[in-house]
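With mmCIF, C-alpha atoms and all ligand atoms inside, this is coords.cif:
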```
data_entry
#
loop_
_atom_site.label_atom_id
_atom_site.label_comp_id
_atom_site.auth_asym_id
_atom_site.auth_seq_id
_atom_site.Cartn_x
_atom_site.Cartn_y
_atom_site.Cartn_z
CA MET A 35 0.00 0.00 0.00
CA THR A 36 1.31 3.44 -0.83
CA ALA A 37 1.43 6.05 1.90
CA PRO A 38 -0.91 9.03 1.57
CA ALA A 39 0.73 11.88 -0.37
CA SER A 40 0.82 14.12 2.71
CA ASP A 41 3.06 11.59 4.57
CA THR A 42 5.60 11.43 1.74
CA PRO A 43 8.43 13.87 2.39
CA ARG A 44 8.84 16.34 -0.46
CA ARG A 45 11.91 15.57 -2.54
CA PRO A 46 14.43 18.45 -2.41
CA SER A 47 14.12 20.38 -5.64
CA VAL A 48 17.41 21.13 -7.39
CA VAL A 49 18.00 23.18 -10.54
CA LEU A 50 21.20 22.04 -12.26
CA GLY A 51 22.45 24.84 -14.49
CA VAL A 52 24.98 23.76 -17.09
CA GLY A 53 27.31 26.28 -18.72
CA GLY A 54 28.88 26.01 -22.15
CA GLY A 55 32.25 24.44 -21.41
CA ILE A 56 33.82 21.12 -22.29
CA ALA A 57 33.31 20.02 -18.66
CA ALA A 58 29.52 20.01 -19.33
CA TYR A 59 29.70 16.24 -19.78
CA LYS A 60 30.80 15.89 -16.13
CA ALA A 61 27.53 17.53 -15.06
CA ALA A 62 25.79 14.33 -16.23
CA GLU A 63 27.61 12.48 -13.42
CA LEU A 64 26.56 15.17 -10.92
CA LEU A 65 22.95 14.87 -12.16
CA ARG A 66 23.07 11.10 -11.63
CA ARG A 67 24.28 11.56 -8.03
CA PHE A 68 21.39 13.92 -7.29
CA THR A 69 18.68 11.79 -8.90
CA GLU A 70 19.96 8.56 -7.30
CA SER A 71 19.88 10.19 -3.86
CA GLY A 72 16.23 11.19 -4.24
CA HIS A 73 16.48 14.78 -5.45
CA ASP A 74 14.04 16.22 -7.96
CA VAL A 75 16.33 17.77 -10.59
CA THR A 76 15.52 20.13 -13.43
CA VAL A 77 18.39 20.69 -15.83
CA VAL A 78 18.73 24.18 -17.33
CA PRO A 79 21.58 24.30 -19.83
CA THR A 80 22.73 27.44 -21.59
CA ARG A 81 22.52 27.55 -25.40
CA ALA A 82 26.30 27.09 -25.51
CA ALA A 83 26.10 24.04 -23.19
CA LEU A 84 23.82 22.32 -25.73
CA HIS A 85 26.74 22.37 -28.20
CA PHE A 86 28.62 20.08 -25.82
CA VAL A 87 25.81 17.85 -24.48
CA GLY A 88 22.40 17.80 -26.18
CA ALA A 89 18.96 18.33 -24.63
CA ALA A 90 18.07 14.65 -25.21
CA THR A 91 20.79 13.53 -22.77
CA TRP A 92 19.67 15.91 -20.04
CA SER A 93 16.03 15.07 -20.59
CA ALA A 94 16.63 11.31 -20.50
CA LEU A 95 18.77 11.51 -17.35
CA SER A 96 16.47 13.88 -15.45
CA GLY A 97 13.16 12.52 -16.75
CA LYS A 98 11.98 16.05 -17.53
CA PRO A 99 11.75 18.34 -20.53
CA VAL A 100 14.80 20.54 -20.98
CA SER A 101 15.13 24.01 -22.46
CA ALA A 102 17.64 26.83 -22.51
CA GLU A 103 15.02 29.41 -23.52
CA VAL A 104 12.43 31.50 -21.75
CA TRP A 105 10.10 31.09 -24.75
CA ASP A 106 9.19 27.42 -24.21
CA ASP A 107 6.12 26.57 -22.08
CA VAL A 108 5.49 30.26 -21.55
CA ALA A 109 2.09 29.61 -19.93
CA ASP A 110 3.92 27.80 -17.12
CA VAL A 111 6.20 30.84 -16.51
CA PRO A 112 9.29 28.64 -16.02
CA HIS A 113 11.66 31.61 -15.91
CA VAL A 114 10.17 32.62 -12.55
CA ARG A 115 8.75 29.36 -11.20
CA LEU A 116 11.93 27.29 -11.40
CA GLY A 117 14.03 29.71 -9.34
CA GLN A 118 11.27 30.42 -6.84
CA GLN A 119 10.51 26.76 -6.15
CA ALA A 120 14.08 25.45 -6.00
CA ASP A 121 15.70 24.38 -2.72
CA LEU A 122 19.11 24.68 -4.38
CA VAL A 123 20.52 25.95 -7.66
CA VAL A 124 23.88 24.50 -8.65
CA VAL A 125 25.74 25.63 -11.77
CA ALA A 126 28.39 23.25 -13.12
CA PRO A 127 30.38 24.12 -15.07
CA ALA A 128 30.12 27.86 -14.42
CA THR A 129 31.99 29.44 -17.31
CA ALA A 130 33.61 32.89 -17.23
CA ASP A 131 30.70 34.18 -19.33
CA LEU A 132 28.09 32.72 -16.97
CA LEU A 133 29.84 34.13 -13.87
CA ALA A 134 29.92 37.55 -15.58
CA ARG A 135 26.24 37.40 -16.56
CA ALA A 136 25.26 36.33 -13.04
CA ALA A 137 27.40 39.06 -11.45
CA VAL A 138 25.81 41.76 -13.62
CA GLY A 139 22.30 40.30 -13.25
CA LEU A 140 21.49 39.73 -16.92
CA ALA A 141 18.33 37.82 -17.81
CA ASP A 142 19.10 36.74 -21.36
CA ASP A 143 18.34 33.03 -21.13
CA LEU A 144 16.43 30.66 -18.87
CA LEU A 145 19.39 29.94 -16.54
CA ALA A 146 20.12 33.65 -16.02
CA ASN A 147 16.44 34.15 -15.13
CA VAL A 148 16.59 31.25 -12.66
CA LEU A 149 19.63 32.81 -10.99
CA LEU A 150 17.79 36.14 -10.66
CA THR A 151 14.62 34.65 -9.20
CA ALA A 152 16.21 32.05 -6.90
CA ARG A 153 15.87 32.82 -3.19
CA CYS A 154 17.46 29.51 -2.19
CA PRO A 155 21.22 28.82 -1.81
CA VAL A 156 23.19 28.93 -5.06
CA VAL A 157 26.42 26.98 -5.64
CA MET A 158 28.60 27.70 -8.68
CA ALA A 159 31.43 25.36 -9.73
CA PRO A 160 33.69 27.25 -12.16
CA ALA A 161 35.60 25.65 -15.02
CA MET A 162 37.66 27.61 -17.55
CA HIS A 163 41.22 28.19 -18.66
CA THR A 164 43.59 29.47 -16.01
CA GLU A 165 44.02 32.83 -17.77
CA MET A 166 40.25 33.39 -17.72
CA TRP A 167 39.95 32.36 -14.05
CA GLN A 168 42.78 34.71 -13.05
CA HIS A 169 41.65 37.65 -15.21
CA PRO A 170 40.77 40.68 -13.05
CA ALA A 171 37.27 40.75 -14.59
CA THR A 172 36.55 37.18 -13.45
CA VAL A 173 38.19 37.80 -10.06
CA ALA A 174 35.88 40.82 -9.55
CA ASN A 175 32.81 38.87 -10.71
CA VAL A 176 33.56 36.00 -8.31
CA ALA A 177 34.09 38.48 -5.44
CA ALA A 178 30.74 40.18 -6.23
CA LEU A 179 28.91 36.84 -6.32
CA ARG A 180 30.52 35.67 -3.05
CA ASP A 181 29.61 39.00 -1.46
CA ARG A 182 25.99 38.22 -2.25
CA GLY A 183 26.26 34.90 -0.44
CA ILE A 184 26.62 32.71 -3.53
CA VAL A 185 28.93 29.79 -2.89
CA VAL A 186 31.53 29.92 -5.67
CA LEU A 187 33.74 26.86 -5.31
CA ASP A 188 37.41 27.16 -6.15
CA PRO A 189 38.22 25.30 -9.38
CA ALA A 190 40.50 22.30 -9.14
CA VAL A 191 44.09 22.49 -10.31
CA GLY A 192 45.15 20.12 -13.07
CA ARG A 193 45.08 19.26 -16.76
CA LEU A 194 42.76 21.56 -18.77
CA THR A 195 41.28 20.95 -22.23
CA GLY A 196 44.56 21.21 -24.09
CA ALA A 197 48.07 20.44 -22.93
CA ASP A 198 47.98 23.26 -20.36
CA THR A 199 47.57 22.75 -16.63
CA GLY A 200 46.66 25.10 -13.77
CA PRO A 201 43.67 26.23 -11.72
CA GLY A 202 40.49 26.07 -13.81
CA ARG A 203 39.42 22.42 -13.88
CA LEU A 204 35.87 21.64 -12.79
CA PRO A 205 36.00 20.16 -9.26
CA GLU A 206 35.16 16.44 -9.25
CA PRO A 207 31.37 15.76 -9.38
CA GLN A 208 31.59 14.09 -5.96
CA ALA A 209 33.20 17.24 -4.46
CA ILE A 210 30.49 19.46 -6.00
CA TYR A 211 27.80 17.08 -4.76
CA ASP A 212 29.26 17.06 -1.22
CA ALA A 213 29.43 20.88 -1.17
CA CYS A 214 25.78 21.05 -2.33
CA LEU A 215 24.63 18.62 0.36
CA SER A 216 26.33 20.64 3.09
CA VAL A 217 24.77 23.86 1.72
CA LEU A 218 21.32 22.18 1.66
CA ASP A 219 21.88 20.84 5.17
CA ARG A 220 22.87 24.28 6.42
CA ALA A 221 19.77 25.87 4.82
CA ARG A 222 17.53 23.41 6.69
CA ARG A 223 19.08 24.23 10.07
CA ASP A 224 17.97 27.03 12.37
CA PRO A 225 20.16 30.13 12.22
CA ASP A 226 21.23 29.39 15.81
CA LEU A 227 23.68 32.32 15.99
CA SER A 228 21.13 34.81 14.74
CA GLY A 229 21.67 38.23 16.32
CA VAL A 230 24.96 37.17 17.95
CA ARG A 231 27.92 39.52 17.32
CA VAL A 232 31.21 37.68 16.96
CA VAL A 233 34.78 38.83 16.42
CA ILE A 234 37.26 36.34 14.98
CA SER A 235 40.98 36.83 14.46
CA ALA A 236 42.64 34.75 11.74
CA GLY A 237 45.99 34.32 10.02
CA GLY A 238 49.45 35.06 11.33
CA THR A 239 50.95 38.37 12.37
CA ARG A 240 54.18 39.81 10.91
CA GLU A 241 56.67 41.81 12.93
CA HIS A 242 58.80 43.89 10.63
CA LEU A 243 62.54 44.44 11.05
CA ASP A 244 62.64 46.84 8.12
CA PRO A 245 60.24 47.68 5.26
CA VAL A 246 60.86 44.34 3.50
CA ARG A 247 61.72 41.80 6.21
CA PHE A 248 59.63 40.43 9.02
CA LEU A 249 59.35 37.68 11.63
CA GLY A 250 56.23 35.69 10.85
CA ASN A 251 54.65 32.26 11.04
CA SER A 252 53.04 29.76 8.69
CA SER A 253 49.38 30.21 9.63
CA SER A 254 47.24 30.09 6.45
CA GLY A 255 44.13 31.56 8.11
CA LYS A 256 41.96 28.69 6.79
CA GLN A 257 40.54 27.71 10.19
CA GLY A 258 39.73 31.31 11.14
CA TYR A 259 38.09 31.93 7.75
CA ALA A 260 36.06 28.73 8.12
CA LEU A 261 34.90 30.01 11.53
CA ALA A 262 33.80 33.28 9.93
CA THR A 263 32.00 31.56 7.04
CA THR A 264 30.13 29.14 9.29
CA ALA A 265 29.23 31.80 11.88
CA ALA A 266 27.80 34.06 9.15
CA ALA A 267 25.90 31.11 7.67
CA ARG A 268 24.44 30.41 11.13
CA GLY A 269 23.15 33.97 11.36
CA ALA A 270 25.90 35.74 13.34
CA SER A 271 27.09 39.23 12.59
CA VAL A 272 30.80 38.66 11.99
CA VAL A 273 33.89 40.89 12.13
CA LEU A 274 36.95 39.05 10.88
CA VAL A 275 40.30 40.56 11.88
CA SER A 276 42.57 39.08 9.23
CA ALA A 277 46.36 39.07 9.50
CA ASN A 278 48.16 38.44 6.21
CA VAL A 279 45.74 35.91 4.71
CA SER A 280 45.41 35.34 0.97
CA LEU A 281 41.96 33.75 0.93
CA PRO A 282 38.76 35.22 -0.54
CA ASP A 283 36.67 37.23 1.94
CA PRO A 284 34.09 34.95 3.60
CA ALA A 285 30.53 35.71 2.48
CA GLY A 286 28.69 37.89 4.96
CA ALA A 287 31.70 38.87 7.15
CA THR A 288 33.18 42.34 7.61
CA VAL A 289 36.93 41.94 7.08
CA VAL A 290 39.44 44.19 8.90
CA ARG A 291 42.99 43.71 7.61
CA VAL A 292 46.00 44.00 9.93
CA THR A 293 49.70 43.15 9.72
CA SER A 294 51.34 43.19 13.16
CA ALA A 295 50.41 41.86 16.60
CA GLU A 296 49.83 45.41 17.85
CA GLU A 297 47.50 46.25 14.92
CA LEU A 298 45.62 43.01 15.54
CA ARG A 299 45.37 43.83 19.24
CA GLN A 300 43.86 47.26 18.58
CA ALA A 301 41.41 45.98 15.98
CA VAL A 302 40.25 43.04 18.12
CA HIS A 303 39.75 45.22 21.22
CA ALA A 304 37.88 47.89 19.24
CA HIS A 305 35.44 45.37 17.76
CA ALA A 306 35.16 43.19 20.90
CA ILE A 307 33.27 45.97 22.68
CA GLY A 308 29.66 44.83 22.63
CA ALA A 309 30.45 41.46 20.99
CA GLU A 310 28.99 38.34 22.58
CA VAL A 311 31.81 36.07 21.37
CA VAL A 312 35.49 36.63 20.57
CA VAL A 313 37.52 33.85 18.96
CA MET A 314 41.30 34.22 18.81
CA ALA A 315 42.20 31.84 15.99
CA ALA A 316 45.16 33.96 14.79
CA ALA A 317 48.75 32.96 15.40
CA VAL A 318 49.92 36.11 17.17
CA ALA A 319 53.65 36.83 17.55
CA ASP A 320 54.87 36.65 21.15
CA PHE A 321 57.93 38.79 20.39
CA ARG A 322 58.70 41.67 18.06
CA PRO A 323 61.95 43.43 17.14
CA VAL A 324 62.71 46.32 19.47
CA ASP A 325 63.82 48.44 16.52
CA LEU A 326 62.15 48.93 13.15
CA ALA A 327 64.55 50.26 10.52
CA THR A 328 62.95 52.83 8.25
CA HIS A 329 65.14 51.74 5.34
CA LYS A 330 66.09 48.28 4.14
CA ILE A 331 68.96 46.99 6.32
CA LYS A 332 72.07 46.63 4.10
CA LYS A 333 74.85 44.11 4.67
CA LYS A 334 77.36 46.93 4.67
CA ASP A 335 75.50 48.61 7.60
CA THR A 336 76.81 45.87 9.90
CA GLY A 337 80.14 45.29 8.18
CA GLY A 338 78.86 42.11 6.53
CA VAL A 339 78.32 40.25 9.84
CA PRO A 340 74.81 39.72 11.19
CA ASP A 341 73.64 41.95 14.02
CA PRO A 342 71.72 40.14 16.77
CA ILE A 343 68.02 41.06 16.65
CA ALA A 344 66.83 42.44 19.97
CA LEU A 345 63.25 41.35 20.70
CA GLU A 346 60.58 42.45 23.15
CA ARG A 347 57.29 40.86 24.27
CA THR A 348 54.02 41.69 22.54
CA ALA A 349 50.80 41.96 24.52
CA ASP A 350 48.85 38.73 25.09
CA VAL A 351 45.58 39.74 23.43
CA LEU A 352 43.66 36.68 24.62
CA ALA A 353 44.67 37.26 28.25
CA GLU A 354 43.75 40.95 27.91
CA LEU A 355 40.32 40.06 26.51
CA VAL A 356 39.66 37.74 29.45
CA ALA A 357 40.82 40.38 31.97
CA ARG A 358 38.65 43.04 30.35
CA ARG A 359 35.63 40.75 30.20
CA ASP A 360 36.05 39.80 33.88
CA ALA A 361 36.56 43.42 34.96
CA ALA A 362 33.37 44.41 33.15
CA GLY A 363 31.50 41.44 34.62
CA SER A 364 30.16 40.64 31.15
CA ASP A 365 29.18 37.17 29.93
CA GLN A 366 31.17 37.50 26.70
CA VAL A 367 32.47 34.08 25.60
CA VAL A 368 36.21 34.16 24.86
CA VAL A 369 37.70 31.33 22.81
CA GLY A 370 41.42 30.64 22.35
CA PHE A 371 43.33 28.33 20.05
CA ALA A 372 46.46 26.39 20.90
CA ALA A 373 48.66 24.71 18.33
CA GLU A 374 50.85 22.35 20.33
CA THR A 375 53.41 19.61 19.95
CA GLY A 376 53.91 16.96 22.60
CA ASP A 377 57.28 16.56 24.35
CA PRO A 378 58.84 14.02 26.73
CA ASP A 379 57.27 15.75 29.77
CA ALA A 380 53.72 16.42 28.55
CA THR A 381 51.22 15.46 25.85
CA VAL A 382 49.50 17.92 23.52
CA LEU A 383 46.42 17.77 25.75
CA ASP A 384 48.46 18.33 28.94
CA HIS A 385 49.82 21.51 27.38
CA GLY A 386 46.30 22.48 26.28
CA ARG A 387 44.77 21.98 29.71
CA ALA A 388 47.54 24.04 31.35
CA LYS A 389 47.11 26.80 28.76
CA LEU A 390 43.33 26.93 29.28
CA VAL A 391 43.90 27.61 32.98
CA ARG A 392 46.73 30.07 32.32
CA LYS A 393 44.77 32.08 29.74
CA GLY A 394 41.46 31.96 31.63
CA CYS A 395 39.34 31.69 28.48
CA ASP A 396 36.02 29.81 28.27
CA LEU A 397 37.05 27.41 25.52
CA LEU A 398 40.43 26.42 24.13
CA VAL A 399 40.60 24.63 20.78
CA VAL A 400 43.70 22.45 20.89
CA ASN A 401 45.34 20.87 17.89
CA GLU A 402 48.59 19.08 17.29
CA VAL A 403 50.89 20.69 14.75
CA GLY A 404 53.92 19.52 12.83
CA ALA A 405 54.45 16.72 10.29
CA GLY A 406 51.70 17.88 7.88
CA LYS A 407 49.20 18.58 10.66
CA GLY A 408 47.42 21.88 11.26
CA PHE A 409 49.02 24.69 9.27
CA GLY A 410 47.86 25.14 5.67
CA THR A 411 45.89 21.88 5.46
CA ASP A 412 42.20 21.71 4.53
CA ASP A 413 41.23 19.55 7.46
CA ASN A 414 41.92 19.52 11.15
CA GLU A 415 41.54 17.34 14.25
CA VAL A 416 40.99 19.17 17.53
CA VAL A 417 39.90 18.82 21.12
CA ILE A 418 37.69 21.63 22.44
CA LEU A 419 38.50 22.11 26.13
CA GLY A 420 35.93 23.94 28.26
CA ALA A 421 36.67 25.87 31.47
CA ASP A 422 33.84 23.79 33.00
CA GLY A 423 35.85 20.60 32.38
CA THR A 424 34.15 19.52 29.16
CA GLU A 425 36.38 17.99 26.48
CA VAL A 426 34.95 17.51 22.97
CA LEU A 427 37.05 15.51 20.51
CA VAL A 428 36.44 16.50 16.88
CA ALA A 429 37.91 13.68 14.77
CA ARG A 430 39.68 14.62 11.51
CA ALA A 431 37.22 16.68 9.47
CA SER A 432 37.15 19.69 7.14
CA LYS A 433 37.99 23.01 8.78
CA GLY A 434 34.33 23.98 8.11
CA ALA A 435 33.10 20.99 10.12
CA VAL A 436 35.58 21.81 12.92
CA ALA A 437 34.31 25.41 12.87
CA ASP A 438 30.73 24.16 13.26
CA ALA A 439 31.78 22.06 16.25
CA VAL A 440 33.42 25.14 17.84
CA TRP A 441 30.19 27.14 17.37
CA ASP A 442 28.19 24.25 18.88
CA SER A 443 30.44 24.47 21.97
CA VAL A 444 30.09 28.27 22.07
CA ILE A 445 26.29 27.94 21.97
CA ALA A 446 26.38 25.32 24.75
CA ARG A 447 28.57 27.64 26.84
CA ARG A 448 26.24 30.63 26.27
CA SER A 449 23.19 28.69 27.37
CA ARG A 450 24.73 27.48 30.67
N1 LIG B 501 47.56 34.86 21.62
C1 LIG B 501 47.29 36.19 21.83
N2 LIG B 501 48.30 37.09 21.91
C2 LIG B 501 49.58 36.69 21.81
C3 LIG B 501 49.88 35.32 21.61
C4 LIG B 501 48.83 34.43 21.52
O1 LIG B 501 46.11 36.55 21.92
N3 LIG B 501 50.54 37.59 21.89
C5 LIG B 501 46.44 33.91 21.55
C6 LIG B 501 46.33 33.13 20.25
O2 LIG B 501 45.51 33.80 19.32
C7 LIG B 501 45.68 31.83 20.70
C8 LIG B 501 46.18 31.66 22.12
O3 LIG B 501 46.63 32.96 22.54
O4 LIG B 501 44.29 31.92 20.75
C9 LIG B 501 47.28 30.71 22.32
O5 LIG B 501 48.38 31.05 21.52
P1 LIG B 501 49.80 30.45 21.84
O6 LIG B 501 50.81 31.03 20.91
O7 LIG B 501 49.67 28.97 21.88
O8 LIG B 501 49.95 31.02 23.32
P2 LIG B 501 51.22 31.38 24.12
O9 LIG B 501 50.75 32.03 25.37
O10 LIG B 501 52.14 32.13 23.26
O11 LIG B 501 51.76 29.95 24.48
P3 LIG B 501 53.23 29.34 24.60
O12 LIG B 501 53.52 29.38 26.04
O13 LIG B 501 53.01 27.97 24.07
O14 LIG B 501 54.15 30.18 23.79
#
```

Here is a file; write its structure as structure tokens.
Amino acid sequence: MTAPASDTPRRPSVVLGVGGGIAAYKAAELLRRFTESGHDVTVVPTRAALHFVGAATWSALSGKPVSAEVWDDVADVPHVRLGQQADLVVVAPATADLLARAAVGLADDLLANVLLTARCPVVMAPAMHTEMWQHPATVANVAALRDRGIVVLDPAVGRLTGADTGPGRLPEPQAIYDACLSVLDRARRDPDLSGVRVVISAGGTREHLDPVRFLGNSSSGKQGYALATTAAARGASVVLVSANVSLPDPAGATVVRVTSAEELRQAVHAHAIGAEVVVMAAAVADFRPVDLATHKIKKKDTGGVPDPIALERTADVLAELVARRDAAGSDQVVVGFAAETGDPDATVLDHGRAKLVRKGCDLLVVNEVGAGKGFGTDDNEVVILGADGTEVLVARASKGAVADAVWDSVIARRSR
């Protein structure tokens, strides 16, 4: 017996936009993944895409009529209905032309109309030659789309259509599919940080010796940026204090750029006033050169032998935040990070527990670094230590998933 229609959960409705690039054939694999996992997919190719893969293929694989035009089935108003009713629009491949049309807001074919009328999450998976991807026009279009909250995936690096290689390959269909599922999952969740003001520091500070040389560290900023992206997606109002990071601005975050530990300190303190949560994910220098030369230091200045570099302590921003919060008697949640290595006397967690007490923060996110772990990688494995004795192990996962786990712990701490 079949269940009554009202008991049958509605299948998530996906519009798969296909741009006119050679990678269009890979969208057939993406389509198959969606249909086999119970999604209701309508394929909307561009006219150019139909040169690469014909309408018959899309229609047969999706079980639906396929058109690139706004002039078919006019009575059904597909140019408005498709975008309005979709739970997700994914464009793969998103060509340079399609990114440009979407950024400007043109409505010159059915897919462009869908992108203008969609109120659901939109994911775009670019594919093009490296020169096109790196052209300032495309860079500006991608930035504009990301600013509007559209998820533009980074293209993969590898062999392109000809003999050339570089960034511009369509990400693997499985990677696009996984990104879409996490976007759909996020859209279904409550915005549980709605109305919460958070300040996040990310990256690594640089302490200059002269205009061209500095003492720095290898922090990529990926974990801090993932924290900003996920907090914004969960409804928070986010200020991201970014120290020397070369990643695209996270959608929905206000980015404040700094170079040195002192600049970071001032920016974090200024924005922490009135914030409910401050997360210190940046690798902040503990020492800086006492002297900053105004001109490049020349070998001849020191007779060809190196001068020792005199260093002085920088302020401990995290400790200052805790002291200020305590003095004000506020319930601001302060989160620290600790990248540790074990040694013969203590494990990574021993160091973490001692640091949590020493710093006095509410949560300390501890990870082991060294030997390919932590810095620059796309995933992370952490333990979130709470001042109340809680210890949450987050097994190896993407930095986005780790960021979500940190926000879950922040929310638990706020609702104590
Ligand atoms: N931190 C900070 N200001 C500094 C140094 C670190 O706010 N001058 C913050 C970091 O952003 C991080 C936490 O403190 O959230 C721990 O950083 P870490 O370098 O591990 O702390 P240290 O106190 O320098 O620890 P260690 O004794 O291991 O050098």

Handout entry: Interatomic distance (Å, one decimal) between atom CA of Val444 of chain A and atom CA of Gly183 of chain A
Key = 23.8 Å

Exercise for the section: Measuring atom to atom with only C-alpha atoms, identify which of A:Thr151, A:Thr199, A:Thr411, A:Ser93 is nearest to Glu165 of chain A. Expected result: A:Thr199

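Residue nearest ligand LIG 501 (chain B), chosen from A:Glu415, A:Asp74, A:Glu354, A:Asp106 and counting only C-alpha atoms and all ligand atoms: A:Glu354.
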
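Here atom CA of Val391 of chain A stands at a distance of 13.1 Å from atom C7 of ligand LIG 501 (chain B).
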
For the interface of chain A with ligand LIG 501 (chain B) (cut-off 6 Å, counting only C-alpha atoms and all ligand atoms), please tabulate each contacting residue of chain A alongside its nearest pair of atoms and their separation in Å to one decimal, rows sorted by chain and increasing number, as JSON lines.
```
{"residue": "A:Met314", "atom": "CA", "partner": "B:LIG501", "partner_atom": "O4", "distance": 4.2}
{"residue": "A:Ala315", "atom": "CA", "partner": "B:LIG501", "partner_atom": "O2", "distance": 5.1}
{"residue": "A:Ala316", "atom": "CA", "partner": "B:LIG501", "partner_atom": "O2", "distance": 4.5}
{"residue": "A:Ala317", "atom": "CA", "partner": "B:LIG501", "partner_atom": "O2", "distance": 5.2}
{"residue": "A:Val318", "atom": "CA", "partner": "B:LIG501", "partner_atom": "C3", "distance": 4.5}
{"residue": "A:Ala319", "atom": "CA", "partner": "B:LIG501", "partner_atom": "N3", "distance": 5.4}
{"residue": "A:Asp320", "atom": "CA", "partner": "B:LIG501", "partner_atom": "N3", "distance": 4.5}
{"residue": "A:Thr348", "atom": "CA", "partner": "B:LIG501", "partner_atom": "N3", "distance": 5.4}
{"residue": "A:Ala349", "atom": "CA", "partner": "B:LIG501", "partner_atom": "N3", "distance": 5.1}
{"residue": "A:Asp350", "atom": "CA", "partner": "B:LIG501", "partner_atom": "N2", "distance": 3.6}
{"residue": "A:Val351", "atom": "CA", "partner": "B:LIG501", "partner_atom": "O1", "distance": 3.6}
{"residue": "A:Leu352", "atom": "CA", "partner": "B:LIG501", "partner_atom": "O1", "distance": 3.6}
{"residue": "A:Gly370", "atom": "CA", "partner": "B:LIG501", "partner_atom": "O4", "distance": 3.5}
{"residue": "A:Phe371", "atom": "CA", "partner": "B:LIG501", "partner_atom": "O4", "distance": 3.8}
{"residue": "A:Ala372", "atom": "CA", "partner": "B:LIG501", "partner_atom": "O7", "distance": 4.2}
{"residue": "A:Ala373", "atom": "CA", "partner": "B:LIG501", "partner_atom": "O7", "distance": 5.6}
```

Deliver the residues from the most recent selection as a file, using C-alpha atoms, as an mmCIF file, in the coordinates of the input.
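Produced file result.cif, reproduced below:
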```cif
data_model
loop_
_atom_site.group_PDB
_atom_site.id
_atom_site.type_symbol
_atom_site.label_atom_id
_atom_site.label_comp_id
_atom_site.auth_asym_id
_atom_site.auth_seq_id
_atom_site.Cartn_x
_atom_site.Cartn_y
_atom_site.Cartn_z
ATOM 1 C CA MET A 314 41.300 34.220 18.810
ATOM 2 C CA ALA A 315 42.200 31.840 15.990
ATOM 3 C CA ALA A 316 45.160 33.960 14.790
ATOM 4 C CA ALA A 317 48.750 32.960 15.400
ATOM 5 C CA VAL A 318 49.920 36.110 17.170
ATOM 6 C CA ALA A 319 53.650 36.830 17.550
ATOM 7 C CA ASP A 320 54.870 36.650 21.150
ATOM 8 C CA THR A 348 54.020 41.690 22.540
ATOM 9 C CA ALA A 349 50.800 41.960 24.520
ATOM 10 C CA ASP A 350 48.850 38.730 25.090
ATOM 11 C CA VAL A 351 45.580 39.740 23.430
ATOM 12 C CA LEU A 352 43.660 36.680 24.620
ATOM 13 C CA GLY A 370 41.420 30.640 22.350
ATOM 14 C CA PHE A 371 43.330 28.330 20.050
ATOM 15 C CA ALA A 372 46.460 26.390 20.900
ATOM 16 C CA ALA A 373 48.660 24.710 18.330
#
```

Exercise for the section: Neighbourhood query: residues within 12 Å of (26.6, 23.8, -25.5), file coordinates, counting all atoms listed in the file; return as a PyMOL selection string. Expected result: chain A and resi 51-59+78-89+92+101-102+127+129
